[in-house]
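Before any comments, here is the structure.
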Amino acid sequence: MAECGASGSGSSGDSLDKSITLPPDEIFRNLENAKRFAIDIGGSLTKLAYYSTVQHKVAKVRSFDHSGKDTEQDHEPPYEISVQEEVTARLHFVKFENTYIEACLDFIKDHLVNTETKVIQATGGGAYKFKDLIEEKLQLKVDKEDVMTCLIKGCNFVLKNIPHEAFVYQKDSDPEFRFQTNHPNIFPYLLVNIGSGVSIVKVETEDRFEWIGGSSIGGGTFWGLGALLTKTKKFDELLHLASRGQHTNVDMLVQDIYGGAHETLGLSGNLIASSFGKSATADQEFSKEDMAKSLLHMISNDIGQLACLYARLHCLDRVYFGGFFIRGHPVTMRTITYSINFFSKGEVQALFLRHEGYLGAIGAFLKGAEQDNPNQYSWGENYAGSSGLMSSSPELCPTQRARSGTFDLLEMDRLERPLVNLPLLLDPSSYVPDTVDLTDDALARKYWLTCFEEALDGVVKRAVASQPGSVDAAERAEKFRQKYWNKLQTLRHQPFAYGTLTVRSLLDTREHCLNEFNFPDPYSKVKQKDNGVALKCFQRVVSALDALDWEERQLALVKGLLAGNVFDWGAKAVSDVLESDPQFGFEEAKKKLQDNSGVDVILGVFPFVRELLSRGTEVILACNSGPALNDVTYSESLIVAERIAAMDPVIHSALREERLLLVQTGSSSPCLDLSRLDKGLAVLVREHGADLVVIEGMGRAVHTNYHAALCCESLKLAVIKNSWLAERLGGQLFSVIFKYEVPAE
Amino acid sequence: MGAGWLAAPMERHGRAAATSASSAREPVPGGPDGRRREPLRRRANSASAPAVGASASASPSASPSAEGVRRDRPGSYSGATSASRQRVESLKKKRPLFPWFGLDIGGTLVKLVYFEPKDITAEEEEEEVESLKSIRKYLTSNVAYGSTGIRDVHLELKDLTLCGRKGNLHFIRFPTHDMPAFIQMGRDKNFSSLHTVFCATGGGAYKFEQDFLTIGDLQLCKLDELDCLIKGILYIDSVGFNGRSQCYYFENPADCEKCQKLPFDLKNPYPLLLVNIGSGVSILAVYSKDNYKRVTGTSLGGGTFFGLCCLLTGCTTFEEALEMASRGDSTKVDKLVRDIYGGDYERFGLPGWAVASSFGNMMSKEKREAVSKEDLARATLITITNNIGSIARMCALNENINQVVFVGNFLRINTIAMRLLAYALDYWSKGQLKALFSEHEGWCDRMCRRDLNFPATFLLFFRPSLEPIPPHSLLSTSSPTGPSPSVTCPCSSSIALYVSSSLHSGIMLKCSRSPLLLITSFPRRWPRYCLLTR
């Protein structure tokens with residue numbers, strides 16, 4: 001929410017400190033339904049966590065009762081849509097400076113309606129210090145939780161639930177953050193927490209971890225010794241000094257001893273032989289900057305060295321770094337990474353976490369919420385409600401920081417169903433859903449960001465149009481526009497804000513923003529109309545297909561599958577055509593493809609499925625759990641299947657005999673992450689021994705999964721509906737992707 | 001720079017992390033050891049001279065990176081010019097030709113030792129070439145050379161017998177930046193015609209080697225510091241200490257009352273982890289007399305302690321820093337586990353007294369104002385020492401070695417650090433590791449020089465030391481004041497001489513058991529001289 005500080009709903013400032021520039025109701029959101037509080041009070045930052053519920057409007061589809069006359073009237077929609085309120089669970093995390101703690105507690109008290117809450121879980125060094133204040137202000141009993149336990153619980157949680165949580169820091173690349181795809185098995189790993197001291201913990205399972213070592217030379221040493229040496233009081237200022245200093249003035253280097261000969265000796269002259277070795281003199285003054293830099297190097301190197309020694313001893317190659325010494329500071333991430341590379345000779349990777357600052361709060365919250373079994377669910381980062389990485393880093397975005405105050409937010413939605421890997425992935429640990437990494441590819445990034453900006457007006461228009469009865473639709477749509485626009489601007493400057501930037505993440509962010517302003521399914525009406533039209537054509541299409549001989553029919557089926565795919569409201573090229581010429585119909589689309597058939601799912605997918613069924617193949621048809629653009633949702637697919645079954649005996653018997661299974665993917669995105677699929681789908685896939693995967697659509701087969709390697713045969717189908725992408729792939733607009741792959745022996 | 005030079009990384013600018021990772025690989029494995037030698041060979045081939053056939057072993061790209069490289073004998077000449085090879089041969093066979101020089105080219109100071117023979121016969125005088133005479137005259141008749149060279153007259157050792165020759169030993173020092181002028185002088189005075197060999201050590205031996213060759217036509221005999229260190233520790237252990245074991249350890253190191261030094265019989269010295277704490281720290285895994293590798297090092301060493309103490313307390317000598325540390329209270333400066341958790345942190349089995357954050361209390365302004373310089377010095381010492389102990393322990397575990405010997409200048413007169421190391425190692429390893437110390441702390445590397453294969457010559461070694469060594473810490477005598485009082489070395493078979501003047505003091509140790517002569521001087525930033533001979 002950091003982005004929308006400027007807009008917003010005036011000041012219900014209440015007792016809040018004036019220095020908080022954000023409207024508080026945009027910081028502590030959903031407080032009225034909040035329960036289960038946890039707080040992590042560190043040396044300078046407080047992290048508050050609470051569990052709340054969000055009321056969302058959702059578009060529900062329901063079959064008409066056809067018990068009466070089954071009259072096919074032209075104007076009648078195939079099913080009815082109703083907008084209902086749905087309650088979903090959400091975790092809120094707010095990070096703010098300790099200075100605001102009193103004001104924030106007052107605000108929370110004033111807005112806290114839920115009286116069930118009796119206890120607040122507290123962790124962090126400041127938990128003790130602020131215990132009385134919290135108990136007095138919130139009238140909640142403070143339950144202290146162990147710092148490391150919380151940290152590790154939090155770490156496991158983010159690693160499991162947030163894709164692209166971990167990243168490596170690469171000094172000279174742009175951007176410097178390289179996100180890692182989540183390893184299917186996060187254990188074992190080493191967590192090096194650099195707070196005032198250093199704790200090195202080996203984490204083996206969800207509940208088993210061991211403190212294997214530590215060091216007293218940590219952030220506190222940098223801060224304390226730095227303050228003594230430079231008379232600079234603040235940690236951030238010390239880092240700033242360090243980033244400007246020349247440590248070679250203070251440290252004794254190898255080249256100071258060996259001269260130019262270090263090169264021929266194969267020694268690196270820049271190696272520090274003795275930290276502060278040059279300062280052993282009374283008659284020389286050293287600059288603050290130089291001393292701070294030398295100190296930073298000394299501490300980072302030492303920590304890196306110890307971390308490597310521990311990693312080696314325990315045979316671990318994944319080392320996550322956290323703690324206030326690291327927290328979003330490029331300077332320390334750089335020196336730690338350098339040191340790890342140096343000492344491990346590249347064998348150990350220094351990994352950092354996007355939500356590192358929240359680990360303690362998340363863990364404390366999870367401890368307190370154990371009876372809700374939060375770990376049984378899958379959670380997803382809500383891009384609309386979360387500030388991105390570095391949102392409060394003064395070095396990176398001073399303007400934004402000024403706008404958002406010092407508040408940083410993270411929101412996690414509880415997903416309805418647990419998500420798991422597709423069992424058919426060849427190598428889950430190396431699977432990367434996205435085809436193009438926009439973080440990496442500056443040209444593609446520029447193009448897509450512009451593309452999404454330009455498409456925004458259309459999306460806003462459609463959102464308003466989808467809710468004709470609503471009085472505030474226009475206002476909400478405008479807020480949506482503002483929010484998504486700001487997100488896009490943030491991503492322009494900080495493409496790393498939410499992990500690896502991809503077309504998928506841009507689409508998902510848009511969905512999250514739409515949901516945020518209660519536009520659950522802007523395309524529901526359109527889909528309803530399309531489905532009605534398509535259903536009417538179904539029998540005609542099917543009989544036409546049946547009339548063809550086998551080979552022609554296969555070709556026609558595939559063309560149908562692809563032609564249906566052209567109708568994708570998300571694709572700007574198509575929507576332009578449709579908007580200018582409402583009469584543009586399926587025939588036109590077919591002409592582009594030089595032939596045949598009906599609207600995506602009904603006239604494309606179902607005939608294809610029907611053909612497979614006729615051959616005796618069992619089919620699992622997986623659709624999105626939630627709405628995304630005009631993609632068919634699982635609930636819509638159920639109705640459609642029901643309607644088709646009524647017309648078509650093949651589908652009818654297949655459904656009855658469970659040779660055709662309709663399931664949900666667990667996704668609400670136009671794209672598909674095969675490492676986060678509905679568990680039910682995964683179970684079916686495994687049970688039925690699926691041996692062919694057909695992935696259809698630009699979002700699922702081109703933007704994502706184009707390179708996905710499966711351990712069974714696969715077919716990836718799409719029509720390139722974007723001229724830029726077509727050009728990039730070396731084809732023309734409306735070219736066809738038809739990628740059949742057989743796994744290598 | 002002490003033998004404990006070490007490698008800790010520093011960022012190199014303008015290089016991708018990927019490349020830095022690979023370049024970072026260079027200095028660590030096998031340490032500087034093998035590498036140091038290899039390029040030298042290369043250089044000797046290319047630089048000096050046509051005479052040298054391409055030595056088979058000289059492969060320019062070969063960088064011996066395998067860990068635990070076996071090394072050539074230290075001080076051996078590898079592929080020098082045939083002329084210098086002859087000189088070396090002659091060195092080995094008989095007494096070297098005059099002049100006898102020893103050179104330590106440090107980072108800031110060059111220390112030159114010159115032996116002036118006083119027993120020159122008339123015949124010799126007759127034969128003596130003019131240039132040799134002129135060198136002798138120049139060096140012995142002056143006390144200052146140019147604007148910066150100084151002869152430490154007070155350190156001069158008179159009527160010394162060295163390799164069967166009687167003479168005086170002169171100590172001359174000048175700043176390293178005047179090295180080019182010195183080489184030029186060597187050229188002007190035609191040193192090369194004297195067929196002499198310069199024994200040299202220190203980083204400058206490498207830095208200026210090329211200049212010596214090309215400008216002065218002089219071949220340096222460079223000696224490897226780490227080699228000497230290993231040989232030294234093994235040697236002194238073999239000679240024993242006054243009939244007792246050379247190695248010792250501390251029992252009850254944490255308890256002032258009960259703490260006692262007990263001999264440790266290093267019967268099976270291998271494998272052994274040798275932690276040499278000089279300005280920086282080098283850690284070596286020793287598997288046999290000549291099989292060892294440099295495991296790692298840290299830049300947080302004696303230099304860091306002293307450097308930080310200078311900045312924090314304004315002290316000027318190492319002694320002063322240690323003395324302050326002995327009076328300070330580090331718990332005012334450091335944040336202990338109990339400061340955070342109120343007691344032990346049981347979840348992780350951390351005792352309350354353990355330091356959670358070195359200098360952690362200094363984050364608070366009030367506490368910064370409440371500490372004394374002594375407290376800061378103490379905290380610095382504890383921080384550095386604990387860290388060395390911690391890294392040493394991890395290395396021992398990784399290398400699967402359970403004997404850890406700590407040596408190096410940092411530990412001399414530094415009982416606090418030794419006891420702390422002993423305690424930390426014992427505590428954190430739950431008694432699995434033992435910290436061993438050597439009676440001849442800091443002497444090891446010097447003593448070892450005698451073991452070098454130059455029976456007929458002497459080697460001169462001296463290096464600048466950050467810390468002065470008060471004699472009473474080494475020799476159990478009352479503080480000597482006279483000009484040259486004779487004191488008794490703890491080793492009954494040795495004779496130590498304490499040499500002192502109003503400004504400077506030094507020690508000369510003559511051990512009769514092995515013909516060994518050690519000389520050292522103490523003033524701050526003064527070169528410590530050490531001469532070994534057979």
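Starting from 1 in every chain, residues are counted up; chains themselves are A, B, ... following the order of the structure tokens, and ligands are numbered from 1 as listed.
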Item to check | Per-residue DSSP, region 7-253 of chain A, filtered to strand (DSSP E), as number ranges by chain | outcome: A: 35-41, 45-63, 79-97, 119-123, 141-144, 166-169, 177-179, 189-194, 198-203, 209-215, 252-253
Item to check | Neighbours of chain B in chain A at 7 Å, counting only C-alpha atoms, as a ChimeraX atom specification | outcome: /A:170-172,196-197,211,216-218,220-221,223-225,227,229,256-261,264-268,270-282,297,301,306,309,313,338-339,341-342,345-346
Item to check | Selection near Lys141 (chain A), 8 Å with only C-alpha atoms, sequence-local residues under 4 positions removed, as a list of chain:residue names | outcome: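 Here the qualifying residues turn out to be A:Lys118, A:Val119, A:Ile120, A:Glu135.
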Checklist entry - From the set A:Phe321, A:Phe407, A:Phe179, A:Phe365, which residue has the shortest atom-to-atom contact distance to Asp437 (chain A), counting only C-alpha atoms? => result A:Phe179
Checklist entry - Within 8 Å of Phe352 (chain A), counting only C-alpha atoms, which residues qualify if same-chain residues fewer than 2 places away don't, as JSON, numbers by chain? => result {"A": [166, 167, 168, 169, 320, 321, 322, 333, 350, 354, 356]}
Item to check | Straight-line distance linking CA of Pro627 (chain A) with CA of Asp521 (chain A), stated in Å to one decimal | outcome: 5.8 Å
Checklist entry - Expressed in Å to a single decimal, how great is the separation between CA of Asn518 (chain A) and CA of Gly697 (chain A)? => result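 Atom-to-atom, CA of Asn518 (chain A) and CA of Gly697 (chain A) are spaced 26.3 Å apart.
Note that the spacing between CA of Phe107 (chain A) and CA of Leu514 (chain A) amounts to 27.9 Å.
The nearest approach to Leu421 (chain B) among the residues B:Ile401, B:Ile277, B:Ile150, B:Ala325, with only C-alpha atoms taken into account, belongs to B:Ile277.
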Checklist entry - Using only C-alpha atoms, which of B:Phe410, B:Phe191, B:Tyr427, B:Phe174 sits nearest Arg136 (chain B)? => result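 So, comparing all the options, the nearest one is B:Phe191.
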Item to check | Residue set, region 222-263 of chain A restricted to alpha helix (DSSP H), as a VMD selection string | outcome: chain A and resid 222 to 230 235 to 244 254 to 258 261 to 263
Take the residues from that selection and write them out as a PDB file, in the first residue's frame, keeping N, CA and C atoms.
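Written out: again31.pdb:
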ATOM      1  N   PHE A 222      29.257  -3.961  14.785  1.00  0.00           N
ATOM      2  CA  PHE A 222      29.380  -2.916  13.778  1.00  0.00           C
ATOM      3  C   PHE A 222      28.843  -1.600  14.317  1.00  0.00           C
ATOM      4  N   TRP A 223      27.700  -1.707  14.908  1.00  0.00           N
ATOM      5  CA  TRP A 223      27.041  -0.514  15.437  1.00  0.00           C
ATOM      6  C   TRP A 223      27.821   0.068  16.620  1.00  0.00           C
ATOM      7  N   GLY A 224      28.121  -0.781  17.609  1.00  0.00           N
ATOM      8  CA  GLY A 224      28.771  -0.317  18.827  1.00  0.00           C
ATOM      9  C   GLY A 224      30.180   0.200  18.579  1.00  0.00           C
ATOM     10  N   LEU A 225      30.953  -0.616  17.906  1.00  0.00           N
ATOM     11  CA  LEU A 225      32.329  -0.228  17.621  1.00  0.00           C
ATOM     12  C   LEU A 225      32.336   0.948  16.647  1.00  0.00           C
ATOM     13  N   GLY A 226      31.412   0.897  15.704  1.00  0.00           N
ATOM     14  CA  GLY A 226      31.295   1.987  14.726  1.00  0.00           C
ATOM     15  C   GLY A 226      30.968   3.302  15.411  1.00  0.00           C
ATOM     16  N   ALA A 227      30.081   3.238  16.393  1.00  0.00           N
ATOM     17  CA  ALA A 227      29.699   4.451  17.107  1.00  0.00           C
ATOM     18  C   ALA A 227      30.889   5.003  17.879  1.00  0.00           C
ATOM     19  N   LEU A 228      31.672   4.107  18.459  1.00  0.00           N
ATOM     20  CA  LEU A 228      32.855   4.546  19.206  1.00  0.00           C
ATOM     21  C   LEU A 228      33.893   5.173  18.277  1.00  0.00           C
ATOM     22  N   LEU A 229      34.076   4.555  17.142  1.00  0.00           N
ATOM     23  CA  LEU A 229      35.142   5.013  16.241  1.00  0.00           C
ATOM     24  C   LEU A 229      34.763   6.284  15.490  1.00  0.00           C
ATOM     25  N   THR A 230      33.508   6.372  15.094  1.00  0.00           N
ATOM     26  CA  THR A 230      33.126   7.475  14.206  1.00  0.00           C
ATOM     27  C   THR A 230      32.238   8.512  14.870  1.00  0.00           C
ATOM     28  N   PHE A 235      22.687   3.366  13.037  1.00  0.00           N
ATOM     29  CA  PHE A 235      23.137   2.240  12.236  1.00  0.00           C
ATOM     30  C   PHE A 235      23.137   2.575  10.745  1.00  0.00           C
ATOM     31  N   ASP A 236      22.026   3.147  10.286  1.00  0.00           N
ATOM     32  CA  ASP A 236      21.919   3.474   8.868  1.00  0.00           C
ATOM     33  C   ASP A 236      23.003   4.472   8.449  1.00  0.00           C
ATOM     34  N   GLU A 237      23.264   5.415   9.338  1.00  0.00           N
ATOM     35  CA  GLU A 237      24.286   6.415   9.007  1.00  0.00           C
ATOM     36  C   GLU A 237      25.667   5.774   8.920  1.00  0.00           C
ATOM     37  N   LEU A 238      25.882   4.823   9.809  1.00  0.00           N
ATOM     38  CA  LEU A 238      27.157   4.102   9.782  1.00  0.00           C
ATOM     39  C   LEU A 238      27.333   3.365   8.455  1.00  0.00           C
ATOM     40  N   LEU A 239      26.243   2.743   8.033  1.00  0.00           N
ATOM     41  CA  LEU A 239      26.304   2.028   6.758  1.00  0.00           C
ATOM     42  C   LEU A 239      26.560   2.998   5.624  1.00  0.00           C
ATOM     43  N   HIS A 240      25.938   4.150   5.759  1.00  0.00           N
ATOM     44  CA  HIS A 240      26.113   5.158   4.727  1.00  0.00           C
ATOM     45  C   HIS A 240      27.571   5.624   4.679  1.00  0.00           C
ATOM     46  N   LEU A 241      28.133   5.830   5.857  1.00  0.00           N
ATOM     47  CA  LEU A 241      29.553   6.195   5.936  1.00  0.00           C
ATOM     48  C   LEU A 241      30.396   5.109   5.267  1.00  0.00           C
ATOM     49  N   ALA A 242      30.066   3.880   5.639  1.00  0.00           N
ATOM     50  CA  ALA A 242      30.850   2.747   5.143  1.00  0.00           C
ATOM     51  C   ALA A 242      30.797   2.672   3.622  1.00  0.00           C
ATOM     52  N   SER A 243      29.650   3.003   3.064  1.00  0.00           N
ATOM     53  CA  SER A 243      29.532   2.867   1.620  1.00  0.00           C
ATOM     54  C   SER A 243      30.357   3.923   0.886  1.00  0.00           C
ATOM     55  N   ARG A 244      30.819   4.919   1.623  1.00  0.00           N
ATOM     56  CA  ARG A 244      31.623   5.948   0.975  1.00  0.00           C
ATOM     57  C   ARG A 244      33.115   5.835   1.296  1.00  0.00           C
ATOM     58  N   VAL A 254      47.637  -7.271   1.588  1.00  0.00           N
ATOM     59  CA  VAL A 254      48.746  -8.098   1.146  1.00  0.00           C
ATOM     60  C   VAL A 254      49.699  -7.275   0.277  1.00  0.00           C
ATOM     61  N   GLN A 255      49.125  -6.409  -0.540  1.00  0.00           N
ATOM     62  CA  GLN A 255      49.998  -5.619  -1.418  1.00  0.00           C
ATOM     63  C   GLN A 255      50.805  -4.585  -0.652  1.00  0.00           C
ATOM     64  N   ASP A 256      50.334  -4.231   0.525  1.00  0.00           N
ATOM     65  CA  ASP A 256      51.122  -3.322   1.354  1.00  0.00           C
ATOM     66  C   ASP A 256      52.403  -4.009   1.793  1.00  0.00           C
ATOM     67  N   ILE A 257      52.356  -5.305   1.815  1.00  0.00           N
ATOM     68  CA  ILE A 257      53.511  -6.067   2.280  1.00  0.00           C
ATOM     69  C   ILE A 257      54.346  -6.580   1.112  1.00  0.00           C
ATOM     70  N   TYR A 258      53.666  -7.030   0.082  1.00  0.00           N
ATOM     71  CA  TYR A 258      54.376  -7.652  -1.036  1.00  0.00           C
ATOM     72  C   TYR A 258      54.584  -6.747  -2.234  1.00  0.00           C
ATOM     73  N   ALA A 261      54.598  -7.282  -6.422  1.00  0.00           N
ATOM     74  CA  ALA A 261      54.951  -8.678  -6.646  1.00  0.00           C
ATOM     75  C   ALA A 261      53.802  -9.634  -6.397  1.00  0.00           C
ATOM     76  N   HIS A 262      52.755  -9.145  -5.704  1.00  0.00           N
ATOM     77  CA  HIS A 262      51.661 -10.063  -5.390  1.00  0.00           C
ATOM     78  C   HIS A 262      51.067 -10.669  -6.648  1.00  0.00           C
ATOM     79  N   GLU A 263      51.149  -9.911  -7.731  1.00  0.00           N
ATOM     80  CA  GLU A 263      50.563 -10.432  -8.968  1.00  0.00           C
ATOM     81  C   GLU A 263      51.327 -11.648  -9.464  1.00  0.00           C
TER      82      GLU A 263
END
Checklist outcome for this item: The residue from B:Phe406, B:Phe101, B:Phe171, B:Tyr145 with the smallest atom-to-atom distance to Cys221 (chain B), counting only C-alpha atoms, is B:Phe101
